[in-house]
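The data block below is start08.cif; it holds mmCIF, N, CA and C atoms.
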data_start
loop_
_atom_site.label_atom_id
_atom_site.label_comp_id
_atom_site.auth_asym_id
_atom_site.auth_seq_id
_atom_site.Cartn_x
_atom_site.Cartn_y
_atom_site.Cartn_z
N MET A 1 0.83 -1.17 0.00
CA MET A 1 0.00 0.00 0.00
C MET A 1 0.87 1.23 0.00
N THR A 2 0.23 2.31 -0.32
CA THR A 2 0.98 3.56 -0.38
C THR A 2 0.66 4.39 0.84
N ASP A 3 1.63 5.18 1.21
CA ASP A 3 1.43 6.10 2.33
C ASP A 3 0.75 7.38 1.83
N VAL A 4 -0.19 7.86 2.60
CA VAL A 4 -0.89 9.09 2.25
C VAL A 4 -0.27 10.23 3.05
N ASP A 5 0.04 11.31 2.37
CA ASP A 5 0.65 12.48 3.03
C ASP A 5 -0.47 13.38 3.53
N TYR A 6 -0.61 13.49 4.85
CA TYR A 6 -1.67 14.29 5.45
C TYR A 6 -1.20 15.69 5.83
N ARG A 7 -0.01 16.10 5.42
CA ARG A 7 0.46 17.45 5.74
C ARG A 7 -0.38 18.46 4.97
N GLN A 8 -0.67 19.55 5.63
CA GLN A 8 -1.49 20.58 4.97
C GLN A 8 -0.58 21.61 4.33
N ALA A 9 -1.00 22.07 3.20
CA ALA A 9 -0.25 23.12 2.51
C ALA A 9 -0.52 24.45 3.20
N ALA A 10 0.34 25.42 2.94
CA ALA A 10 0.16 26.75 3.53
C ALA A 10 -1.15 27.35 3.02
N PRO A 11 -1.86 28.06 3.88
CA PRO A 11 -3.13 28.65 3.43
C PRO A 11 -2.88 29.71 2.36
N PRO A 12 -3.78 29.85 1.42
CA PRO A 12 -3.59 30.84 0.36
C PRO A 12 -3.64 32.26 0.94
N ALA A 13 -2.89 33.13 0.31
CA ALA A 13 -2.87 34.53 0.76
C ALA A 13 -4.22 35.18 0.48
N ASN A 14 -4.67 36.03 1.39
CA ASN A 14 -5.97 36.68 1.24
C ASN A 14 -5.93 37.88 0.29
N GLY A 15 -4.79 38.47 0.11
CA GLY A 15 -4.68 39.65 -0.75
C GLY A 15 -3.26 39.79 -1.24
N PRO A 16 -3.01 40.83 -2.02
CA PRO A 16 -1.66 41.02 -2.53
C PRO A 16 -0.71 41.35 -1.39
N SER A 17 0.51 40.93 -1.54
CA SER A 17 1.49 41.21 -0.49
C SER A 17 1.85 42.70 -0.52
N THR A 18 2.42 43.15 0.56
CA THR A 18 2.76 44.57 0.68
C THR A 18 3.77 44.99 -0.37
N ALA A 19 4.72 44.14 -0.66
CA ALA A 19 5.73 44.48 -1.66
C ALA A 19 5.09 44.66 -3.02
N ASN A 20 4.15 43.78 -3.38
CA ASN A 20 3.47 43.90 -4.67
C ASN A 20 2.62 45.16 -4.72
N LEU A 21 1.93 45.47 -3.64
CA LEU A 21 1.11 46.67 -3.59
C LEU A 21 1.97 47.92 -3.72
N ALA A 22 3.11 47.93 -3.05
CA ALA A 22 4.01 49.08 -3.15
C ALA A 22 4.56 49.22 -4.56
N ASP A 23 4.87 48.11 -5.20
CA ASP A 23 5.35 48.15 -6.59
C ASP A 23 4.28 48.70 -7.52
N ILE A 24 3.05 48.26 -7.32
CA ILE A 24 1.95 48.73 -8.16
C ILE A 24 1.73 50.23 -7.96
N LEU A 25 1.73 50.67 -6.70
CA LEU A 25 1.54 52.09 -6.42
C LEU A 25 2.67 52.92 -7.02
N GLU A 26 3.89 52.45 -6.91
CA GLU A 26 5.03 53.17 -7.49
C GLU A 26 4.89 53.28 -9.01
N ARG A 27 4.47 52.19 -9.63
CA ARG A 27 4.30 52.20 -11.09
C ARG A 27 3.18 53.15 -11.51
N VAL A 28 2.07 53.14 -10.77
CA VAL A 28 0.94 54.02 -11.11
C VAL A 28 1.36 55.48 -10.97
N LEU A 29 2.05 55.82 -9.88
CA LEU A 29 2.47 57.20 -9.68
C LEU A 29 3.52 57.62 -10.70
N ASP A 30 4.36 56.69 -11.12
CA ASP A 30 5.40 57.01 -12.08
C ASP A 30 4.83 57.20 -13.48
N LYS A 31 3.92 56.33 -13.87
CA LYS A 31 3.35 56.39 -15.22
C LYS A 31 2.09 57.23 -15.28
N GLY A 32 1.28 57.19 -14.23
CA GLY A 32 0.00 57.87 -14.22
C GLY A 32 -1.09 56.94 -14.70
N ILE A 33 -2.30 57.21 -14.26
CA ILE A 33 -3.46 56.41 -14.67
C ILE A 33 -4.65 57.35 -14.80
N VAL A 34 -5.46 57.13 -15.81
CA VAL A 34 -6.64 57.95 -16.04
C VAL A 34 -7.87 57.08 -15.86
N ILE A 35 -8.80 57.57 -15.08
CA ILE A 35 -10.08 56.89 -14.87
C ILE A 35 -11.16 57.86 -15.32
N ALA A 36 -12.02 57.42 -16.23
CA ALA A 36 -13.05 58.30 -16.77
C ALA A 36 -14.40 57.61 -16.70
N GLY A 37 -15.44 58.39 -16.46
CA GLY A 37 -16.78 57.82 -16.42
C GLY A 37 -17.84 58.90 -16.47
N ASP A 38 -19.01 58.53 -16.91
CA ASP A 38 -20.15 59.43 -16.98
C ASP A 38 -21.31 58.83 -16.20
N ILE A 39 -22.03 59.70 -15.51
CA ILE A 39 -23.24 59.30 -14.80
C ILE A 39 -24.38 60.14 -15.37
N LYS A 40 -25.40 59.47 -15.88
CA LYS A 40 -26.55 60.19 -16.43
C LYS A 40 -27.81 59.75 -15.72
N ILE A 41 -28.64 60.70 -15.37
CA ILE A 41 -29.92 60.41 -14.74
C ILE A 41 -31.00 60.93 -15.67
N ASP A 42 -31.82 60.00 -16.18
CA ASP A 42 -32.92 60.34 -17.09
C ASP A 42 -34.24 59.96 -16.45
N LEU A 43 -35.26 60.74 -16.76
CA LEU A 43 -36.62 60.43 -16.32
C LEU A 43 -37.54 60.59 -17.52
N LEU A 44 -38.12 59.51 -17.96
CA LEU A 44 -39.02 59.51 -19.12
C LEU A 44 -38.33 60.13 -20.34
N ASP A 45 -37.14 59.68 -20.62
CA ASP A 45 -36.33 60.14 -21.75
C ASP A 45 -35.97 61.63 -21.67
N ILE A 46 -36.01 62.20 -20.49
CA ILE A 46 -35.59 63.59 -20.28
C ILE A 46 -34.34 63.55 -19.40
N GLU A 47 -33.28 64.11 -19.93
CA GLU A 47 -32.03 64.09 -19.18
C GLU A 47 -32.11 65.12 -18.04
N LEU A 48 -32.02 64.63 -16.82
CA LEU A 48 -32.10 65.50 -15.65
C LEU A 48 -30.72 65.93 -15.17
N LEU A 49 -29.77 65.02 -15.24
CA LEU A 49 -28.45 65.30 -14.67
C LEU A 49 -27.40 64.48 -15.38
N THR A 50 -26.29 65.12 -15.70
CA THR A 50 -25.13 64.42 -16.26
C THR A 50 -23.91 64.84 -15.48
N ILE A 51 -23.18 63.87 -14.99
CA ILE A 51 -21.94 64.13 -14.27
C ILE A 51 -20.82 63.43 -15.01
N ARG A 52 -19.80 64.17 -15.38
CA ARG A 52 -18.64 63.59 -16.06
C ARG A 52 -17.49 63.59 -15.08
N LEU A 53 -16.94 62.42 -14.86
CA LEU A 53 -15.83 62.27 -13.93
C LEU A 53 -14.57 61.92 -14.70
N ARG A 54 -13.51 62.66 -14.44
CA ARG A 54 -12.20 62.36 -15.00
C ARG A 54 -11.21 62.41 -13.86
N LEU A 55 -10.49 61.35 -13.65
CA LEU A 55 -9.55 61.26 -12.54
C LEU A 55 -8.19 60.89 -13.09
N PHE A 56 -7.20 61.69 -12.76
CA PHE A 56 -5.83 61.43 -13.19
C PHE A 56 -4.99 61.25 -11.94
N VAL A 57 -4.50 60.05 -11.72
CA VAL A 57 -3.71 59.73 -10.54
C VAL A 57 -2.27 59.61 -10.99
N ALA A 58 -1.41 60.46 -10.43
CA ALA A 58 0.01 60.44 -10.79
C ALA A 58 0.80 61.20 -9.75
N SER A 59 2.10 61.08 -9.81
CA SER A 59 2.95 61.88 -8.93
C SER A 59 2.99 63.31 -9.46
N VAL A 60 3.46 64.22 -8.67
CA VAL A 60 3.54 65.62 -9.07
C VAL A 60 4.45 65.77 -10.28
N ASP A 61 5.58 65.08 -10.28
CA ASP A 61 6.50 65.17 -11.41
C ASP A 61 5.88 64.64 -12.69
N THR A 62 5.16 63.53 -12.61
CA THR A 62 4.49 62.97 -13.78
C THR A 62 3.40 63.91 -14.28
N ALA A 63 2.67 64.51 -13.36
CA ALA A 63 1.63 65.47 -13.76
C ALA A 63 2.24 66.67 -14.46
N ARG A 64 3.35 67.18 -13.94
CA ARG A 64 4.02 68.32 -14.60
C ARG A 64 4.48 67.94 -16.00
N LYS A 65 5.01 66.72 -16.16
CA LYS A 65 5.43 66.27 -17.49
C LYS A 65 4.25 66.22 -18.45
N ALA A 66 3.06 65.91 -17.91
CA ALA A 66 1.85 65.86 -18.73
C ALA A 66 1.25 67.24 -18.95
N GLY A 67 1.86 68.27 -18.36
CA GLY A 67 1.37 69.64 -18.55
C GLY A 67 0.27 70.03 -17.59
N ILE A 68 0.15 69.32 -16.49
CA ILE A 68 -0.88 69.61 -15.51
C ILE A 68 -0.21 70.22 -14.29
N ASP A 69 -0.54 71.49 -14.01
CA ASP A 69 0.04 72.17 -12.84
C ASP A 69 -0.92 73.19 -12.25
N TRP A 70 -2.22 72.92 -12.34
CA TRP A 70 -3.22 73.90 -11.90
C TRP A 70 -3.14 74.18 -10.42
N TRP A 71 -2.63 73.28 -9.62
CA TRP A 71 -2.54 73.49 -8.17
C TRP A 71 -1.54 74.59 -7.83
N GLU A 72 -0.62 74.90 -8.75
CA GLU A 72 0.38 75.94 -8.49
C GLU A 72 -0.20 77.33 -8.65
N THR A 73 -1.28 77.47 -9.43
CA THR A 73 -1.87 78.77 -9.68
C THR A 73 -3.20 78.98 -8.98
N ASP A 74 -3.68 78.00 -8.25
CA ASP A 74 -4.94 78.10 -7.52
C ASP A 74 -4.66 78.69 -6.14
N PRO A 75 -5.19 79.90 -5.86
CA PRO A 75 -4.93 80.54 -4.56
C PRO A 75 -5.41 79.74 -3.37
N ALA A 76 -6.40 78.88 -3.55
CA ALA A 76 -6.89 78.07 -2.44
C ALA A 76 -5.92 76.95 -2.09
N LEU A 77 -5.05 76.58 -3.02
CA LEU A 77 -4.13 75.46 -2.80
C LEU A 77 -2.67 75.87 -2.66
N SER A 78 -2.33 77.09 -3.08
CA SER A 78 -0.94 77.51 -3.08
C SER A 78 -0.80 78.88 -2.44
N SER A 79 0.04 78.97 -1.42
CA SER A 79 0.26 80.27 -0.78
C SER A 79 0.98 81.21 -1.73
N LYS A 80 1.84 80.68 -2.59
CA LYS A 80 2.54 81.51 -3.57
C LYS A 80 1.54 82.13 -4.55
N ALA A 81 0.58 81.34 -4.99
CA ALA A 81 -0.45 81.85 -5.90
C ALA A 81 -1.32 82.88 -5.20
N ALA A 82 -1.61 82.67 -3.92
CA ALA A 82 -2.43 83.64 -3.17
C ALA A 82 -1.69 84.96 -3.05
N ARG A 83 -0.39 84.91 -2.74
CA ARG A 83 0.39 86.15 -2.65
C ARG A 83 0.45 86.85 -4.00
N SER A 84 0.60 86.08 -5.05
CA SER A 84 0.65 86.65 -6.39
C SER A 84 -0.66 87.33 -6.74
N GLU A 85 -1.78 86.69 -6.40
CA GLU A 85 -3.10 87.28 -6.68
C GLU A 85 -3.28 88.58 -5.89
N LEU A 86 -2.87 88.59 -4.64
CA LEU A 86 -2.98 89.81 -3.83
C LEU A 86 -2.10 90.91 -4.38
N ARG A 87 -0.90 90.55 -4.85
CA ARG A 87 0.00 91.54 -5.43
C ARG A 87 -0.59 92.16 -6.69
N GLU A 88 -1.20 91.30 -7.54
CA GLU A 88 -1.83 91.81 -8.76
C GLU A 88 -3.00 92.73 -8.44
N GLU A 89 -3.81 92.35 -7.46
CA GLU A 89 -4.94 93.20 -7.06
C GLU A 89 -4.44 94.53 -6.50
N ASN A 90 -3.39 94.48 -5.70
CA ASN A 90 -2.80 95.69 -5.14
C ASN A 90 -2.30 96.61 -6.26
N ASP A 91 -1.64 96.04 -7.27
CA ASP A 91 -1.14 96.84 -8.40
C ASP A 91 -2.29 97.49 -9.17
N ARG A 92 -3.37 96.73 -9.40
CA ARG A 92 -4.53 97.30 -10.10
C ARG A 92 -5.14 98.45 -9.30
N LEU A 93 -5.25 98.28 -7.98
CA LEU A 93 -5.83 99.35 -7.15
C LEU A 93 -4.94 100.59 -7.14
N ARG A 94 -3.62 100.39 -7.11
CA ARG A 94 -2.70 101.54 -7.16
C ARG A 94 -2.84 102.29 -8.48
N GLU A 95 -2.97 101.55 -9.58
CA GLU A 95 -3.14 102.20 -10.89
C GLU A 95 -4.44 103.00 -10.93
N ARG A 96 -5.52 102.44 -10.39
CA ARG A 96 -6.79 103.17 -10.37
C ARG A 96 -6.69 104.43 -9.51
N LEU A 97 -6.00 104.30 -8.36
CA LEU A 97 -5.83 105.45 -7.47
C LEU A 97 -5.03 106.54 -8.15
N GLU A 98 -3.94 106.16 -8.83
CA GLU A 98 -3.14 107.16 -9.55
C GLU A 98 -3.95 107.84 -10.64
N ALA A 99 -4.77 107.06 -11.36
CA ALA A 99 -5.60 107.63 -12.42
C ALA A 99 -6.61 108.60 -11.83
N LEU A 100 -7.22 108.24 -10.71
CA LEU A 100 -8.19 109.14 -10.07
C LEU A 100 -7.52 110.40 -9.55
N GLU A 101 -6.35 110.27 -8.95
CA GLU A 101 -5.63 111.43 -8.43
C GLU A 101 -5.18 112.35 -9.55
N SER A 102 -4.71 111.78 -10.66
CA SER A 102 -4.27 112.62 -11.78
C SER A 102 -5.47 113.31 -12.41
N ALA A 103 -6.61 112.63 -12.49
CA ALA A 103 -7.82 113.26 -13.02
C ALA A 103 -8.28 114.37 -12.09
N ASP A 104 -8.18 114.14 -10.77
CA ASP A 104 -8.56 115.14 -9.79
C ASP A 104 -7.62 116.35 -9.85
N ASP A 105 -6.33 116.11 -10.01
CA ASP A 105 -5.35 117.20 -10.13
C ASP A 105 -5.59 117.99 -11.40
N GLY A 106 -5.94 117.31 -12.46
CA GLY A 106 -6.24 117.98 -13.73
C GLY A 106 -7.47 118.85 -13.60
N ASP A 107 -8.50 118.40 -12.89
CA ASP A 107 -9.72 119.20 -12.69
C ASP A 107 -9.42 120.40 -11.81
N ALA A 108 -8.62 120.22 -10.77
CA ALA A 108 -8.30 121.32 -9.86
C ALA A 108 -7.47 122.38 -10.56
N SER A 109 -6.50 121.99 -11.38
CA SER A 109 -5.66 122.98 -12.07
C SER A 109 -6.46 123.71 -13.14
N SER A 110 -7.36 123.02 -13.84
CA SER A 110 -8.17 123.70 -14.85
C SER A 110 -9.18 124.62 -14.19
N ALA A 111 -9.70 124.24 -13.04
CA ALA A 111 -10.65 125.10 -12.32
C ALA A 111 -9.95 126.34 -11.79
N SER A 112 -8.73 126.21 -11.27
CA SER A 112 -8.02 127.37 -10.73
C SER A 112 -7.56 128.29 -11.86
N SER A 113 -7.19 127.73 -12.99
CA SER A 113 -6.75 128.58 -14.10
C SER A 113 -7.95 129.31 -14.71
N SER A 114 -9.11 128.67 -14.77
CA SER A 114 -10.28 129.33 -15.34
C SER A 114 -10.81 130.39 -14.36
N SER A 115 -10.75 130.12 -13.04
CA SER A 115 -11.21 131.13 -12.09
C SER A 115 -10.23 132.29 -12.05
N GLY A 116 -8.95 132.02 -12.22
CA GLY A 116 -7.96 133.10 -12.25
C GLY A 116 -8.16 133.96 -13.47
N THR A 117 -8.56 133.39 -14.57
CA THR A 117 -8.81 134.16 -15.78
C THR A 117 -10.03 135.03 -15.59
N LYS A 118 -11.06 134.52 -14.90
CA LYS A 118 -12.26 135.31 -14.66
C LYS A 118 -11.96 136.46 -13.72
N ASP A 119 -11.11 136.20 -12.70
CA ASP A 119 -10.79 137.28 -11.78
C ASP A 119 -10.04 138.39 -12.47
N LYS A 120 -9.13 138.02 -13.35
CA LYS A 120 -8.36 139.04 -14.05
C LYS A 120 -9.24 139.80 -15.02
N ALA A 121 -10.16 139.08 -15.66
CA ALA A 121 -11.04 139.73 -16.61
C ALA A 121 -12.04 140.62 -15.90
N GLY A 122 -12.47 140.23 -14.70
CA GLY A 122 -13.47 140.98 -13.96
C GLY A 122 -12.88 142.22 -13.34
N SER A 123 -11.56 142.28 -13.07
CA SER A 123 -11.00 143.46 -12.41
C SER A 123 -10.47 144.48 -13.33
#

Mind turning the file's structure into structure tokens?
Amino acid sequence: MTDVDYRQAAPPANGPSTANLADILERVLDKGIVIAGDIKIDLLDIELLTIRLRLFVASVDTARKAGIDWWETDPALSSKAARSELREENDRLRERLEALESADDGDASSASSSSGTKDKAGS
């Protein structure tokens, strides 16, 4: 007769190992991945709502290579962008103030020259 081997094999792994997961994450961040989808809600053939989802998962360097850098210019996400926006607003306000002051100075000088002419003519 033959002997039967009753040893049990190692239980199967329940999920991917940490090393494999880290490799996958590194590859996704290095290459980037795009996930796209649309959600439409219709009622009696009338479109009520359409949501378009586009998700780009990548590292910052990969996103920059792809030409995506909106977070650098969004004042809500970047303090540098917020300072830049405040500086631009400050410059616009200074220009408006200078324009108003120069217009006011021009009105005052024309008013004084016209009143001086009237005084000389009246005397």

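The space between atom CA of A:Arg54 and atom CA of A:Ile33 spans 10.6 Å.
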
I need the residue set behind the PyMOL selection byres ((chain A and resi 60-68) around 8) for this file; please write it as a PyMOL selection string. chain A and resi 29-32+57-59+69-72

Between atom CA of A:Asp74 and atom C of A:Asn90, what is the distance, to one decimal in Å? 18.7 Å

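Residues surrounding A:Ile51 within 6.5 Å are Gly37, Asp38, Ile39, Lys40 and Ile41 of chain A [all atoms listed in the file; sequence separation below 3 positions excluded].
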
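Atom pair atom C of A:Glu85 / atom CA of A:Thr73: separated by 10.6 Å.
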
Reconstruct stretch 18-29 of chain A at the level of all heavy atoms, and format the result as a compact mmCIF listing (two decimals), in the frame of the given file.
# COMPACT_ATOMS: atom_id res chain seq x y z
N THR A 18 2.42 43.15 0.56
CA THR A 18 2.76 44.57 0.68
C THR A 18 3.77 44.99 -0.37
O THR A 18 3.68 46.07 -0.94
CB THR A 18 3.32 44.87 2.09
OG1 THR A 18 2.40 44.36 3.03
CG2 THR A 18 3.51 46.34 2.30
N ALA A 19 4.72 44.14 -0.66
CA ALA A 19 5.73 44.48 -1.66
C ALA A 19 5.09 44.66 -3.02
O ALA A 19 5.41 45.58 -3.77
CB ALA A 19 6.80 43.41 -1.70
N ASN A 20 4.15 43.78 -3.38
CA ASN A 20 3.47 43.90 -4.67
C ASN A 20 2.62 45.16 -4.72
O ASN A 20 2.56 45.84 -5.74
CB ASN A 20 2.62 42.68 -4.95
CG ASN A 20 3.45 41.44 -5.22
OD1 ASN A 20 4.61 41.56 -5.58
ND2 ASN A 20 2.86 40.28 -5.03
N LEU A 21 1.93 45.47 -3.64
CA LEU A 21 1.11 46.67 -3.59
C LEU A 21 1.97 47.92 -3.72
O LEU A 21 1.62 48.86 -4.44
CB LEU A 21 0.30 46.70 -2.30
CG LEU A 21 -0.70 47.84 -2.15
CD1 LEU A 21 -1.74 47.80 -3.27
CD2 LEU A 21 -1.40 47.75 -0.80
N ALA A 22 3.11 47.93 -3.05
CA ALA A 22 4.01 49.08 -3.15
C ALA A 22 4.56 49.22 -4.56
O ALA A 22 4.68 50.34 -5.08
CB ALA A 22 5.16 48.92 -2.15
N ASP A 23 4.87 48.11 -5.20
CA ASP A 23 5.35 48.15 -6.59
C ASP A 23 4.28 48.70 -7.52
O ASP A 23 4.57 49.50 -8.41
CB ASP A 23 5.78 46.75 -7.05
CG ASP A 23 7.04 46.27 -6.35
OD1 ASP A 23 7.77 47.12 -5.78
OD2 ASP A 23 7.28 45.05 -6.35
N ILE A 24 3.05 48.26 -7.32
CA ILE A 24 1.95 48.73 -8.16
C ILE A 24 1.73 50.23 -7.96
O ILE A 24 1.56 50.98 -8.92
CB ILE A 24 0.66 47.94 -7.85
CG1 ILE A 24 0.82 46.50 -8.32
CG2 ILE A 24 -0.55 48.59 -8.50
CD1 ILE A 24 -0.28 45.58 -7.86
N LEU A 25 1.73 50.67 -6.70
CA LEU A 25 1.54 52.09 -6.42
C LEU A 25 2.67 52.92 -7.02
O LEU A 25 2.42 53.98 -7.62
CB LEU A 25 1.47 52.32 -4.91
CG LEU A 25 1.20 53.74 -4.45
CD1 LEU A 25 -0.13 54.24 -5.00
CD2 LEU A 25 1.21 53.83 -2.95
N GLU A 26 3.89 52.45 -6.91
CA GLU A 26 5.03 53.17 -7.49
C GLU A 26 4.89 53.28 -9.01
O GLU A 26 5.12 54.32 -9.61
CB GLU A 26 6.33 52.47 -7.13
CG GLU A 26 7.56 53.18 -7.65
CD GLU A 26 8.85 52.47 -7.27
OE1 GLU A 26 8.82 51.57 -6.42
OE2 GLU A 26 9.88 52.83 -7.85
N ARG A 27 4.47 52.19 -9.63
CA ARG A 27 4.30 52.20 -11.09
C ARG A 27 3.18 53.15 -11.51
O ARG A 27 3.31 53.88 -12.49
CB ARG A 27 4.01 50.78 -11.58
CG ARG A 27 3.95 50.70 -13.09
CD ARG A 27 3.75 49.30 -13.57
NE ARG A 27 4.86 48.48 -13.11
CZ ARG A 27 4.81 47.16 -13.02
NH1 ARG A 27 3.71 46.52 -13.34
NH2 ARG A 27 5.85 46.47 -12.59
N VAL A 28 2.07 53.14 -10.77
CA VAL A 28 0.94 54.02 -11.11
C VAL A 28 1.36 55.48 -10.97
O VAL A 28 1.08 56.31 -11.83
CB VAL A 28 -0.28 53.71 -10.21
CG1 VAL A 28 -1.30 54.83 -10.27
CG2 VAL A 28 -0.92 52.41 -10.64
N LEU A 29 2.05 55.82 -9.88
CA LEU A 29 2.47 57.20 -9.68
C LEU A 29 3.52 57.62 -10.70
O LEU A 29 3.57 58.77 -11.11
CB LEU A 29 2.99 57.41 -8.26
CG LEU A 29 1.93 57.31 -7.16
CD1 LEU A 29 2.58 57.43 -5.80
CD2 LEU A 29 0.85 58.36 -7.34
